[in-house]
Amino acid sequence: MITSRRGFLHSLGAGAAAGIAMPWRSVGPILIEPLRTQQDGDFIRLNSNENAYGPSPKVAAAIQSAIAGANRYPRMQYSSLTEQIASFHQVKPEQILLGCGSTEILRMAAFAFLGSGKQLIHASPTFEATEHYAHAAGADAISVRLTPNFSHDLAGMLAYATESTTLVYICNPNNPTGSLTPRKDLEDFIAKLSASTYVVIDEAYHHYAGRSAMYSSFIDNPLHDDRVIVARTFSKIYALAGLRLGYAVAAPNVAGKMRAFATEDNINAVVTQAAAAALGDTDYLNQSIKRYKDDRQEFFNQAVSRFIKPIDSHANFVMMNIFHPADHVIEDFYKNKILIGRHFPPMDTYIRVSLGRPEEMQAFWRVWDTFPYSKLSHH
Ligand SMILES: Cc1ncc(COP(=O)(O)O)c(C=O)c1O
């Protein structure tokens, strides 16, 4: 999260350098984040893999009514939400750990299992919050390039694993590539890791993947291995990124170890109600899944008609090689009031585009077609 926010600020910086007026909020000489609320209306935001359609009407109503309880700590709701999530996944409440976004889950895992002399292994590129927190915990982080078809290079990761490797982070589907790592390969990989190596499987984009021989969730289809921790979030398909709620499903003793590093009272009185309503609103969930499948297909149709071949996506974003420096393209979109994902080294000529609403995507392609290099991307 922190790294991507830095990337976000970096791309804003690029815009500023290009002479774009921006509403900076300043505290003395230090520039801090721009006033996003003023900006939000101006920019098309295809940069954070959010749900562009917003929460369901039932969730919006739950948010409204929760405001009356804003003066109270939501401690009782904490247990009822934990129970609701547990029964939703048919696990015990002791197996559920709530976090301020799944980012807090990743932080808890890093602090519970890493430290000086210990090592995290993760992919490159992948979602970097775990690496960031590994460093904060004093551990080393080893990044292993994705394979040419953008799955985790599990053999390569295994080659680096030692007794000091106490945490492996697997993002499936992977951010930023949207690609899958086959379930069977993950099982073989986990079986070969040492008994003291915990594995976080980050399923933030689970709902966009669909069931296939390649993919099945480690919650729905568990390994019954205490080393496996699954992270989920309400920020993506449930459209609650702004309210911050994520959770882990883990063995009770593992959840307990992580809980020691949770912020006290990390969940707010609004999101508990919103999440409860979101879990109950299956119709809206299915509608969102279908809508994103169609939106993704439409994006691919548009790309292919321009001779661009994106990476096969199993998420609500698409990464594609546009054979031009990503930083330039990001800046050019910024000048046209469109935010796209940041540059993800070493994929220097790839851009990541979060899928937005149809009219937002039409604007994206309209702007793309004005770039001189858009005509060259198939060479
Ligand atoms: C793979 C992955 N994990 C976790 C997160 C963090 O999401 P949140 O903290 O909002 O749950 C993100 C956000 O983009 C993500 O892409």
# chains A, B, ... in the order shown; residues from 1 in each chain; ligands from 1
call {"tool": "select_by_dssp", "arguments": {"residues": "region 52-145 of chain A", "states": "strand (DSSP E)", "output": "JSON, numbers by chain"}}
result
{"A": [96, 97, 98, 99, 119, 120, 121, 122, 123, 124, 140, 141, 142, 143, 144, 145]}
call {"tool": "write_last_selection", "arguments": {"atoms": "N, CA, C and O atoms", "output": "mmCIF file, in the first residue's frame"}}
result
data_model
loop_
_atom_site.group_PDB
_atom_site.id
_atom_site.type_symbol
_atom_site.label_atom_id
_atom_site.label_comp_id
_atom_site.auth_asym_id
_atom_site.auth_seq_id
_atom_site.Cartn_x
_atom_site.Cartn_y
_atom_site.Cartn_z
ATOM 1 N N ILE A 96 -10.609 -16.556 12.168
ATOM 2 C CA ILE A 96 -10.767 -15.288 11.445
ATOM 3 C C ILE A 96 -10.059 -14.162 12.195
ATOM 4 O O ILE A 96 -10.209 -13.998 13.401
ATOM 5 N N LEU A 97 -9.334 -13.392 11.434
ATOM 6 C CA LEU A 97 -8.621 -12.239 11.988
ATOM 7 C C LEU A 97 -8.998 -11.035 11.136
ATOM 8 O O LEU A 97 -8.831 -11.073 9.909
ATOM 9 N N LEU A 98 -9.539 -9.998 11.753
ATOM 10 C CA LEU A 98 -9.939 -8.823 10.978
ATOM 11 C C LEU A 98 -8.794 -7.812 10.936
ATOM 12 O O LEU A 98 -8.024 -7.688 11.896
ATOM 13 N N GLY A 99 -8.704 -7.085 9.842
ATOM 14 C CA GLY A 99 -7.659 -6.072 9.715
ATOM 15 C C GLY A 99 -8.189 -4.796 9.104
ATOM 16 O O GLY A 99 -9.233 -4.796 8.440
ATOM 17 N N GLN A 119 13.818 -14.175 6.651
ATOM 18 C CA GLN A 119 13.729 -13.812 5.246
ATOM 19 C C GLN A 119 12.346 -14.077 4.653
ATOM 20 O O GLN A 119 11.746 -15.109 4.913
ATOM 21 N N LEU A 120 11.906 -13.086 3.890
ATOM 22 C CA LEU A 120 10.671 -13.215 3.111
ATOM 23 C C LEU A 120 11.046 -13.553 1.668
ATOM 24 O O LEU A 120 11.998 -12.985 1.136
ATOM 25 N N ILE A 121 10.296 -14.437 1.053
ATOM 26 C CA ILE A 121 10.446 -14.644 -0.396
ATOM 27 C C ILE A 121 9.129 -14.256 -1.057
ATOM 28 O O ILE A 121 8.048 -14.652 -0.595
ATOM 29 N N HIS A 122 9.235 -13.464 -2.096
ATOM 30 C CA HIS A 122 8.037 -13.046 -2.829
ATOM 31 C C HIS A 122 8.393 -12.846 -4.297
ATOM 32 O O HIS A 122 9.552 -12.956 -4.688
ATOM 33 N N ALA A 123 7.376 -12.565 -5.105
ATOM 34 C CA ALA A 123 7.589 -12.440 -6.545
ATOM 35 C C ALA A 123 7.946 -11.008 -6.932
ATOM 36 O O ALA A 123 7.771 -10.069 -6.159
ATOM 37 N N SER A 124 8.407 -10.866 -8.165
ATOM 38 C CA SER A 124 8.648 -9.544 -8.723
ATOM 39 C C SER A 124 8.159 -9.529 -10.168
ATOM 40 O O SER A 124 8.600 -10.354 -10.954
ATOM 41 N N ASP A 140 15.141 -9.668 5.710
ATOM 42 C CA ASP A 140 15.525 -9.518 4.306
ATOM 43 C C ASP A 140 14.342 -9.942 3.446
ATOM 44 O O ASP A 140 13.533 -10.771 3.868
ATOM 45 N N ALA A 141 14.311 -9.407 2.227
ATOM 46 C CA ALA A 141 13.266 -9.842 1.294
ATOM 47 C C ALA A 141 13.938 -10.235 -0.008
ATOM 48 O O ALA A 141 14.763 -9.493 -0.535
ATOM 49 N N ILE A 142 13.602 -11.405 -0.499
ATOM 50 C CA ILE A 142 14.148 -11.877 -1.776
ATOM 51 C C ILE A 142 13.035 -11.867 -2.796
ATOM 52 O O ILE A 142 11.973 -12.461 -2.581
ATOM 53 N N SER A 143 13.265 -11.146 -3.916
ATOM 54 C CA SER A 143 12.250 -11.095 -4.973
ATOM 55 C C SER A 143 12.666 -12.022 -6.097
ATOM 56 O O SER A 143 13.809 -11.971 -6.540
ATOM 57 N N VAL A 144 11.729 -12.807 -6.555
ATOM 58 C CA VAL A 144 12.007 -13.749 -7.645
ATOM 59 C C VAL A 144 11.100 -13.380 -8.812
ATOM 60 O O VAL A 144 9.872 -13.339 -8.666
ATOM 61 N N ARG A 145 11.709 -13.111 -9.965
ATOM 62 C CA ARG A 145 10.960 -12.711 -11.164
ATOM 63 C C ARG A 145 9.862 -13.714 -11.493
ATOM 64 O O ARG A 145 10.057 -14.917 -11.365
#
call {"tool": "residues_around", "arguments": {"residues": "region 319-322 of chain A", "least_positions_apart": "4", "cutoff": "12 Å", "atoms": "only C-alpha atoms", "output": "tab-separated table (two decimals) with N, CA, C and O atoms, in the first residue's frame"}}
result
chain	number	residue	atom	x	y	z
A	46	LEU	N	-8.12	4.98	-12.82
A	46	LEU	CA	-7.91	3.61	-13.29
A	46	LEU	C	-6.58	3.12	-12.71
A	46	LEU	O	-5.79	2.46	-13.40
A	47	ASN	N	-6.31	3.49	-11.45
A	47	ASN	CA	-4.97	3.26	-10.91
A	47	ASN	C	-4.92	2.40	-9.65
A	47	ASN	O	-3.84	2.05	-9.20
A	49	ASN	N	-7.23	-0.38	-8.78
A	49	ASN	CA	-7.98	-1.65	-8.81
A	49	ASN	C	-9.18	-1.64	-7.87
A	49	ASN	O	-9.51	-2.64	-7.23
A	125	PRO	N	7.22	-8.63	-10.53
A	125	PRO	CA	6.56	-7.71	-9.61
A	125	PRO	C	5.34	-8.37	-8.95
A	125	PRO	O	4.70	-9.24	-9.52
A	150	PHE	N	4.08	-15.21	-16.54
A	150	PHE	CA	3.64	-14.34	-15.44
A	150	PHE	C	3.02	-15.08	-14.26
A	150	PHE	O	2.28	-14.49	-13.48
A	174	ASN	N	-2.28	-12.46	-9.35
A	174	ASN	CA	-1.20	-11.55	-8.96
A	174	ASN	C	-1.49	-10.11	-9.38
A	174	ASN	O	-1.96	-9.86	-10.48
A	175	ASN	N	-1.20	-9.21	-8.47
A	175	ASN	CA	-1.18	-7.78	-8.79
A	175	ASN	C	0.30	-7.43	-8.97
A	175	ASN	O	1.08	-7.73	-8.06
A	176	PRO	N	0.73	-6.85	-10.08
A	176	PRO	CA	0.00	-6.11	-11.11
A	176	PRO	C	-0.32	-6.87	-12.39
A	176	PRO	O	-0.89	-6.27	-13.30
A	177	THR	N	0.01	-8.14	-12.51
A	177	THR	CA	-0.11	-8.78	-13.82
A	177	THR	C	-1.49	-9.38	-14.08
A	177	THR	O	-1.83	-9.66	-15.23
A	178	GLY	N	-2.26	-9.64	-13.03
A	178	GLY	CA	-3.60	-10.24	-13.20
A	178	GLY	C	-3.53	-11.73	-13.53
A	178	GLY	O	-4.54	-12.34	-13.87
A	179	SER	N	-2.34	-12.30	-13.43
A	179	SER	CA	-2.12	-13.69	-13.85
A	179	SER	C	-2.30	-14.66	-12.69
A	179	SER	O	-2.22	-14.29	-11.52
A	296	ARG	N	-14.00	-6.64	-18.76
A	296	ARG	CA	-12.66	-7.14	-19.09
A	296	ARG	C	-12.63	-7.63	-20.54
A	296	ARG	O	-11.70	-7.35	-21.29
A	299	PHE	N	-12.47	-4.69	-22.76
A	299	PHE	CA	-11.12	-4.11	-22.78
A	299	PHE	C	-10.23	-4.91	-23.73
A	299	PHE	O	-9.49	-4.33	-24.54
A	300	PHE	N	-10.33	-6.23	-23.64
A	300	PHE	CA	-9.51	-7.07	-24.52
A	300	PHE	C	-9.88	-6.85	-25.98
A	300	PHE	O	-9.01	-6.76	-26.85
A	303	ALA	N	-8.32	-3.65	-27.04
A	303	ALA	CA	-6.85	-3.77	-27.13
A	303	ALA	C	-6.47	-4.51	-28.41
A	303	ALA	O	-5.65	-4.04	-29.20
A	304	VAL	N	-7.13	-5.65	-28.63
A	304	VAL	CA	-6.78	-6.49	-29.78
A	304	VAL	C	-7.04	-5.74	-31.09
A	304	VAL	O	-6.27	-5.83	-32.03
A	306	ARG	N	-6.48	-2.88	-31.59
A	306	ARG	CA	-5.34	-1.96	-31.78
A	306	ARG	C	-4.01	-2.73	-31.84
A	306	ARG	O	-2.96	-2.16	-31.60
A	307	PHE	N	-4.10	-4.02	-32.05
A	307	PHE	CA	-2.92	-4.89	-32.13
A	307	PHE	C	-2.12	-4.94	-30.83
A	307	PHE	O	-0.91	-5.13	-30.83
A	308	ILE	N	-2.79	-4.71	-29.72
A	308	ILE	CA	-2.13	-4.85	-28.41
A	308	ILE	C	-2.60	-6.19	-27.84
A	308	ILE	O	-3.78	-6.52	-27.94
A	309	LYS	N	-1.64	-6.94	-27.26
A	309	LYS	CA	-2.01	-8.22	-26.68
A	309	LYS	C	-1.74	-8.16	-25.17
A	309	LYS	O	-0.61	-8.34	-24.73
A	310	PRO	N	-2.79	-7.87	-24.38
A	310	PRO	CA	-2.56	-7.78	-22.93
A	310	PRO	C	-2.24	-9.15	-22.33
A	310	PRO	O	-2.52	-10.18	-22.93
A	311	ILE	N	-1.69	-9.10	-21.13
A	311	ILE	CA	-1.50	-10.35	-20.36
A	311	ILE	C	-2.90	-10.85	-20.00
A	311	ILE	O	-3.76	-10.06	-19.61
A	312	ASP	N	-3.11	-12.15	-20.12
A	312	ASP	CA	-4.42	-12.73	-19.80
A	312	ASP	C	-4.77	-12.35	-18.36
A	312	ASP	O	-4.01	-12.67	-17.44
A	313	SER	N	-5.88	-11.67	-18.17
A	313	SER	CA	-6.19	-11.15	-16.84
A	313	SER	C	-7.28	-11.96	-16.13
A	313	SER	O	-8.30	-12.29	-16.73
A	314	HIS	N	-7.04	-12.23	-14.86
A	314	HIS	CA	-8.03	-12.89	-14.00
A	314	HIS	C	-8.41	-11.95	-12.87
A	314	HIS	O	-8.65	-12.38	-11.75
A	315	ALA	N	-8.37	-10.65	-13.16
A	315	ALA	CA	-8.61	-9.65	-12.11
A	315	ALA	C	-9.40	-8.48	-12.69
A	315	ALA	O	-9.87	-8.54	-13.83
A	326	ALA	N	6.85	3.13	-19.72
A	326	ALA	CA	5.63	3.26	-18.92
A	326	ALA	C	5.51	4.64	-18.31
A	326	ALA	O	4.42	5.23	-18.28
A	327	ASP	N	6.62	5.20	-17.83
A	327	ASP	CA	6.57	6.51	-17.17
A	327	ASP	C	6.00	7.59	-18.10
A	327	ASP	O	5.23	8.44	-17.67
A	328	HIS	N	6.40	7.53	-19.38
A	328	HIS	CA	5.88	8.53	-20.34
A	328	HIS	C	4.37	8.37	-20.51
A	328	HIS	O	3.63	9.34	-20.56
A	329	VAL	N	3.96	7.11	-20.63
A	329	VAL	CA	2.55	6.86	-20.90
A	329	VAL	C	1.70	7.29	-19.71
A	329	VAL	O	0.65	7.92	-19.85
A	330	ILE	N	2.20	6.96	-18.50
A	330	ILE	CA	1.49	7.33	-17.27
A	330	ILE	C	1.34	8.86	-17.22
A	330	ILE	O	0.26	9.39	-16.91
A	340	ILE	N	-3.56	6.03	-14.31
A	340	ILE	CA	-3.42	4.58	-14.49
A	340	ILE	C	-2.38	4.09	-13.49
A	340	ILE	O	-1.76	4.89	-12.79
A	341	GLY	N	-2.20	2.79	-13.41
A	341	GLY	CA	-1.28	2.21	-12.43
A	341	GLY	C	0.14	2.73	-12.62
A	341	GLY	O	0.51	3.18	-13.70
A	342	ARG	N	0.91	2.60	-11.55
A	342	ARG	CA	2.28	3.12	-11.62
A	342	ARG	C	3.17	2.20	-12.45
A	342	ARG	O	2.73	1.15	-12.93
A	343	HIS	N	4.39	2.59	-12.59
A	343	HIS	CA	5.40	1.81	-13.30
A	343	HIS	C	5.83	0.67	-12.36
A	343	HIS	O	6.11	0.90	-11.20
A	344	PHE	N	5.86	-0.55	-12.89
A	344	PHE	CA	6.25	-1.71	-12.08
A	344	PHE	C	7.54	-2.31	-12.62
A	344	PHE	O	7.49	-3.20	-13.48
A	347	MET	N	9.13	-4.37	-15.41
A	347	MET	CA	8.26	-4.38	-16.61
A	347	MET	C	8.13	-2.94	-17.10
A	347	MET	O	7.08	-2.30	-16.99
A	348	ASP	N	9.24	-2.44	-17.67
A	348	ASP	CA	9.37	-1.01	-17.93
A	348	ASP	C	8.52	-0.47	-19.07
A	348	ASP	O	8.33	0.74	-19.17
A	349	THR	N	8.02	-1.36	-19.92
A	349	THR	CA	7.19	-0.87	-21.03
A	349	THR	C	5.75	-1.39	-20.91
A	349	THR	O	5.02	-1.48	-21.90
A	350	TYR	N	5.39	-1.76	-19.71
A	350	TYR	CA	4.02	-2.25	-19.46
A	350	TYR	C	3.24	-1.21	-18.66
A	350	TYR	O	3.81	-0.56	-17.77
A	351	ILE	N	1.96	-1.11	-18.95
A	351	ILE	CA	1.09	-0.29	-18.09
A	351	ILE	C	0.01	-1.19	-17.48
A	351	ILE	O	-0.39	-2.18	-18.08
A	352	ARG	N	-0.42	-0.81	-16.25
A	352	ARG	CA	-1.51	-1.53	-15.61
A	352	ARG	C	-2.72	-0.60	-15.55
A	352	ARG	O	-2.63	0.50	-15.01
A	353	VAL	N	-3.82	-1.07	-16.12
A	353	VAL	CA	-5.03	-0.26	-16.19
A	353	VAL	C	-6.13	-0.95	-15.39
A	353	VAL	O	-6.52	-2.08	-15.70
A	354	SER	N	-6.63	-0.28	-14.35
A	354	SER	CA	-7.77	-0.82	-13.60
A	354	SER	C	-9.01	-0.60	-14.45
A	354	SER	O	-9.16	0.46	-15.08
A	355	LEU	N	-9.89	-1.58	-14.46
A	355	LEU	CA	-11.11	-1.43	-15.27
A	355	LEU	C	-12.08	-0.48	-14.58
A	355	LEU	O	-12.41	-0.65	-13.40
A	368	TRP	N	-5.87	7.29	-25.49
A	368	TRP	CA	-4.78	6.44	-25.99
A	368	TRP	C	-4.55	6.67	-27.49
A	368	TRP	O	-3.42	6.80	-27.96
A	371	PHE	N	-2.20	9.38	-28.71
A	371	PHE	CA	-0.75	9.34	-28.47
A	371	PHE	C	-0.03	8.88	-29.74
A	371	PHE	O	-0.43	7.86	-30.32
A	373	TYR	N	2.68	7.34	-30.20
A	373	TYR	CA	3.26	5.99	-30.11
A	373	TYR	C	2.18	4.91	-30.09
A	373	TYR	O	2.49	3.73	-30.22
A	374	SER	N	0.91	5.28	-29.94
A	374	SER	CA	-0.13	4.23	-29.91
A	374	SER	C	-0.19	3.49	-31.25
A	374	SER	O	-0.58	2.35	-31.33
A	375	LYS	N	0.23	4.16	-32.30
A	375	LYS	CA	0.18	3.55	-33.64
A	375	LYS	C	1.32	2.55	-33.82
A	375	LYS	O	1.29	1.74	-34.70
A	376	LEU	N	2.33	2.66	-32.96
A	376	LEU	CA	3.53	1.83	-33.15
A	376	LEU	C	3.54	0.61	-32.29
A	376	LEU	O	4.42	-0.24	-32.41
A	377	SER	N	2.56	0.47	-31.38
A	377	SER	CA	2.69	-0.52	-30.32
A	377	SER	C	2.72	-1.94	-30.83
A	377	SER	O	3.16	-2.83	-30.14
A	378	HIS	N	2.26	-2.19	-32.06
A	378	HIS	CA	2.28	-3.58	-32.52
A	378	HIS	C	3.58	-3.94	-33.23
A	378	HIS	O	3.74	-5.06	-33.68
A	379	HIS	N	4.50	-2.97	-33.37
A	379	HIS	CA	5.75	-3.30	-34.08
A	379	HIS	C	6.72	-4.00	-33.16
A	379	HIS	O	6.74	-3.77	-31.97
call {"tool": "residues_near_ligand", "arguments": {"ligand": "ligand 1", "cutoff": "9 Å", "atoms": "only C-alpha atoms and all ligand atoms", "output": "ChimeraX atom specification"}}
result
/A:1,4,48-50,99-106,126-129,170-176,202-205,231-236,240-247
call {"tool": "write_last_selection", "arguments": {"atoms": "C-alpha atoms", "output": "mmCIF file, in the first residue's frame"}}
result
data_model
loop_
_atom_site.group_PDB
_atom_site.id
_atom_site.type_symbol
_atom_site.label_atom_id
_atom_site.label_comp_id
_atom_site.auth_asym_id
_atom_site.auth_seq_id
_atom_site.Cartn_x
_atom_site.Cartn_y
_atom_site.Cartn_z
ATOM 1 C CA MET A 1 0.000 0.000 0.000
ATOM 2 C CA SER A 4 1.850 2.079 -4.302
ATOM 3 C CA SER A 48 -5.939 1.381 -7.731
ATOM 4 C CA ASN A 49 -7.983 -1.649 -8.810
ATOM 5 C CA GLU A 50 -11.034 -0.380 -6.963
ATOM 6 C CA GLY A 99 -7.659 -6.072 9.715
ATOM 7 C CA CYS A 100 -7.773 -2.423 8.724
ATOM 8 C CA GLY A 101 -7.726 -3.499 5.083
ATOM 9 C CA SER A 102 -5.875 -6.646 4.135
ATOM 10 C CA THR A 103 -2.823 -4.398 4.299
ATOM 11 C CA GLU A 104 -2.997 -4.726 8.087
ATOM 12 C CA ILE A 105 -3.199 -8.522 7.693
ATOM 13 C CA LEU A 106 0.027 -8.403 5.673
ATOM 14 C CA THR A 126 3.866 -8.309 -7.011
ATOM 15 C CA PHE A 127 1.945 -6.284 -4.407
ATOM 16 C CA GLU A 128 4.738 -4.875 -2.270
ATOM 17 C CA ALA A 129 3.173 -4.201 1.145
ATOM 18 C CA ILE A 170 1.935 -15.454 -2.930
ATOM 19 C CA CYS A 171 -0.517 -13.112 -4.622
ATOM 20 C CA ASN A 172 -3.054 -15.085 -6.658
ATOM 21 C CA PRO A 173 -4.355 -13.662 -8.972
ATOM 22 C CA ASN A 174 -1.196 -11.550 -8.960
ATOM 23 C CA ASN A 175 -1.177 -7.776 -8.786
ATOM 24 C CA PRO A 176 -0.005 -6.113 -11.108
ATOM 25 C CA ASP A 202 -3.296 -13.106 -0.914
ATOM 26 C CA GLU A 203 -6.684 -13.608 -2.573
ATOM 27 C CA ALA A 204 -7.627 -9.925 -2.888
ATOM 28 C CA TYR A 205 -8.803 -10.567 -6.484
ATOM 29 C CA ALA A 231 -5.837 -12.906 3.083
ATOM 30 C CA ARG A 232 -9.042 -11.403 1.687
ATOM 31 C CA THR A 233 -10.347 -7.855 1.420
ATOM 32 C CA PHE A 234 -13.591 -5.896 1.178
ATOM 33 C CA SER A 235 -11.776 -3.295 -0.955
ATOM 34 C CA LYS A 236 -12.208 -4.898 -4.359
ATOM 35 C CA LEU A 240 -15.407 -0.745 0.256
ATOM 36 C CA ALA A 241 -11.772 0.341 -0.245
ATOM 37 C CA GLY A 242 -12.467 3.653 1.466
ATOM 38 C CA LEU A 243 -13.813 2.026 4.627
ATOM 39 C CA ARG A 244 -10.819 -0.310 5.150
ATOM 40 C CA LEU A 245 -11.597 -3.901 6.023
ATOM 41 C CA GLY A 246 -9.723 -7.089 5.285
ATOM 42 C CA TYR A 247 -9.394 -10.432 6.991
#
call {"tool": "residues_around", "arguments": {"residues": "Thr82 (chain A)", "least_positions_apart": "2", "cutoff": "12 Å", "atoms": "only C-alpha atoms", "output": "short mmCIF file (atom, residue, chain, number, x, y, z; two decimals) with N, CA, C and O atoms, in the first residue's frame"}}
result
data_model
loop_
_atom_site.label_atom_id
_atom_site.label_comp_id
_atom_site.auth_asym_id
_atom_site.auth_seq_id
_atom_site.Cartn_x
_atom_site.Cartn_y
_atom_site.Cartn_z
N ARG A 75 -17.06 -2.81 19.50
CA ARG A 75 -16.46 -4.07 19.97
C ARG A 75 -17.40 -5.25 19.84
O ARG A 75 -16.95 -6.35 19.52
N MET A 76 -18.69 -5.02 20.10
CA MET A 76 -19.61 -6.14 19.98
C MET A 76 -19.81 -6.52 18.51
O MET A 76 -19.94 -7.69 18.16
N GLN A 77 -19.81 -5.51 17.66
CA GLN A 77 -19.96 -5.79 16.23
C GLN A 77 -18.75 -6.55 15.70
O GLN A 77 -18.83 -7.28 14.72
N TYR A 78 -17.62 -6.34 16.36
CA TYR A 78 -16.39 -7.03 15.95
C TYR A 78 -16.63 -8.54 16.04
O TYR A 78 -16.34 -9.27 15.09
N SER A 79 -17.19 -8.99 17.18
CA SER A 79 -17.41 -10.44 17.28
C SER A 79 -18.51 -10.91 16.35
O SER A 79 -18.40 -11.98 15.76
N SER A 80 -19.58 -10.09 16.17
CA SER A 80 -20.63 -10.61 15.29
C SER A 80 -20.14 -10.68 13.85
O SER A 80 -20.46 -11.62 13.12
N GLN A 84 -19.92 -13.92 11.50
CA GLN A 84 -20.58 -13.96 10.18
C GLN A 84 -19.59 -14.40 9.09
O GLN A 84 -19.93 -15.22 8.23
N ILE A 85 -18.38 -13.86 9.14
CA ILE A 85 -17.38 -14.24 8.12
C ILE A 85 -17.02 -15.72 8.30
O ILE A 85 -16.89 -16.47 7.33
N ALA A 86 -16.89 -16.15 9.56
CA ALA A 86 -16.55 -17.56 9.82
C ALA A 86 -17.63 -18.47 9.25
O ALA A 86 -17.33 -19.45 8.57
N SER A 87 -18.91 -18.12 9.50
CA SER A 87 -19.94 -19.04 9.01
C SER A 87 -20.04 -18.96 7.49
O SER A 87 -20.29 -19.96 6.82
N PHE A 88 -19.79 -17.79 6.92
CA PHE A 88 -19.76 -17.63 5.46
C PHE A 88 -18.75 -18.60 4.84
O PHE A 88 -19.00 -19.20 3.80
N HIS A 89 -17.60 -18.75 5.49
CA HIS A 89 -16.55 -19.64 4.95
C HIS A 89 -16.55 -21.03 5.60
O HIS A 89 -15.65 -21.83 5.32
N GLN A 90 -17.51 -21.25 6.49
CA GLN A 90 -17.60 -22.54 7.19
C GLN A 90 -16.30 -22.89 7.91
O GLN A 90 -15.74 -23.98 7.77
N VAL A 91 -15.80 -21.90 8.66
CA VAL A 91 -14.63 -22.13 9.53
C VAL A 91 -15.00 -21.66 10.94
O VAL A 91 -16.08 -21.08 11.15
N LYS A 92 -14.09 -21.88 11.90
CA LYS A 92 -14.37 -21.45 13.28
C LYS A 92 -14.05 -19.96 13.44
O LYS A 92 -13.11 -19.45 12.81
N PRO A 93 -14.78 -19.26 14.30
CA PRO A 93 -14.48 -17.84 14.51
C PRO A 93 -13.02 -17.59 14.91
O PRO A 93 -12.43 -16.57 14.54
N GLU A 94 -12.40 -18.53 15.62
CA GLU A 94 -10.99 -18.36 16.03
C GLU A 94 -10.05 -18.36 14.83
O GLU A 94 -8.88 -18.02 14.96
N GLN A 95 -10.58 -18.77 13.69
CA GLN A 95 -9.72 -18.79 12.49
C GLN A 95 -9.76 -17.47 11.72
O GLN A 95 -9.06 -17.32 10.72
N ILE A 96 -10.61 -16.56 12.17
CA ILE A 96 -10.77 -15.29 11.44
C ILE A 96 -10.06 -14.16 12.20
O ILE A 96 -10.21 -14.00 13.40
N LEU A 97 -9.33 -13.39 11.43
CA LEU A 97 -8.62 -12.24 11.99
C LEU A 97 -9.00 -11.03 11.14
O LEU A 97 -8.83 -11.07 9.91
N LEU A 98 -9.54 -10.00 11.75
CA LEU A 98 -9.94 -8.82 10.98
C LEU A 98 -8.79 -7.81 10.94
O LEU A 98 -8.02 -7.69 11.90
N GLY A 99 -8.70 -7.09 9.84
CA GLY A 99 -7.66 -6.07 9.71
C GLY A 99 -8.19 -4.80 9.10
O GLY A 99 -9.23 -4.80 8.44
N LEU A 245 -11.39 -2.64 5.31
CA LEU A 245 -11.60 -3.90 6.02
C LEU A 245 -11.04 -5.06 5.22
O LEU A 245 -11.32 -5.21 4.02
N GLY A 246 -10.23 -5.85 5.88
CA GLY A 246 -9.72 -7.09 5.28
C GLY A 246 -9.75 -8.15 6.36
O GLY A 246 -10.06 -7.87 7.52
N TYR A 247 -9.46 -9.39 5.97
CA TYR A 247 -9.39 -10.43 6.99
C TYR A 247 -8.48 -11.56 6.54
O TYR A 247 -8.14 -11.67 5.35
N ALA A 248 -8.10 -12.35 7.53
CA ALA A 248 -7.33 -13.55 7.24
C ALA A 248 -8.11 -14.75 7.72
O ALA A 248 -8.88 -14.66 8.68
N VAL A 249 -7.92 -15.87 7.03
CA VAL A 249 -8.41 -17.16 7.52
C VAL A 249 -7.15 -17.97 7.77
O VAL A 249 -6.31 -18.14 6.87
N ILE A 267 -11.01 -1.86 13.68
CA ILE A 267 -12.15 -1.88 12.76
C ILE A 267 -13.15 -0.81 13.19
O ILE A 267 -13.40 -0.64 14.37
N THR A 272 -18.16 -2.34 9.86
CA THR A 272 -18.73 -3.59 10.37
C THR A 272 -20.13 -3.78 9.79
O THR A 272 -20.49 -4.88 9.35
N GLN A 273 -20.91 -2.70 9.76
CA GLN A 273 -22.28 -2.78 9.23
C GLN A 273 -22.27 -2.96 7.72
O GLN A 273 -23.05 -3.73 7.15
N ALA A 275 -19.93 -4.27 5.83
CA ALA A 275 -19.44 -5.60 5.44
C ALA A 275 -20.51 -6.66 5.68
O ALA A 275 -20.70 -7.55 4.85
N ALA A 276 -21.23 -6.53 6.79
CA ALA A 276 -22.28 -7.50 7.08
C ALA A 276 -23.33 -7.45 5.97
O ALA A 276 -23.77 -8.49 5.46
N LEU A 279 -21.88 -8.98 2.64
CA LEU A 279 -21.81 -10.44 2.62
C LEU A 279 -23.19 -11.05 2.33
O LEU A 279 -23.29 -12.12 1.74
#
call {"tool": "atom_distance", "arguments": {"atom1": "CA of Ile237 (chain A)", "atom2": "CA of Asn286 (chain A)"}}
result
9.7 Å
call {"tool": "select_by_dssp", "arguments": {"residues": "region 214-354 of chain A", "states": "alpha helix (DSSP H)", "output": "VMD selection string"}}
result
chain A and resid 252 to 259 269 to 280 282 to 305 326 to 335
call {"tool": "atom_distance", "arguments": {"atom1": "CA of Arg45 (chain A)", "atom2": "CA of Pro148 (chain A)"}}
result
29.0 Å
call {"tool": "closest_residue", "arguments": {"among": "A:Asn316, A:Asn301, A:Thr165, A:Thr370", "to": "Arg357 (chain A)", "atoms": "only C-alpha atoms"}}
result
A:Asn316
call {"tool": "residues_around", "arguments": {"residues": "Glu298 (chain A)", "least_positions_apart": "6", "cutoff": "12 Å", "atoms": "only C-alpha atoms", "output": "PyMOL selection string"}}
result
chain A and resi 291-292+304-305+318+355-359+361-362+365
call {"tool": "residues_around", "arguments": {"residues": "Phe218 (chain A)", "least_positions_apart": "6", "cutoff": "9 Å", "atoms": "only C-alpha atoms", "output": "PyMOL selection string"}}
result
chain A and resi 183+201+203+228-230
call {"tool": "atom_distance", "arguments": {"atom1": "CA of Ser164 (chain A)", "atom2": "CA of Leu114 (chain A)"}}
result
9.1 Å
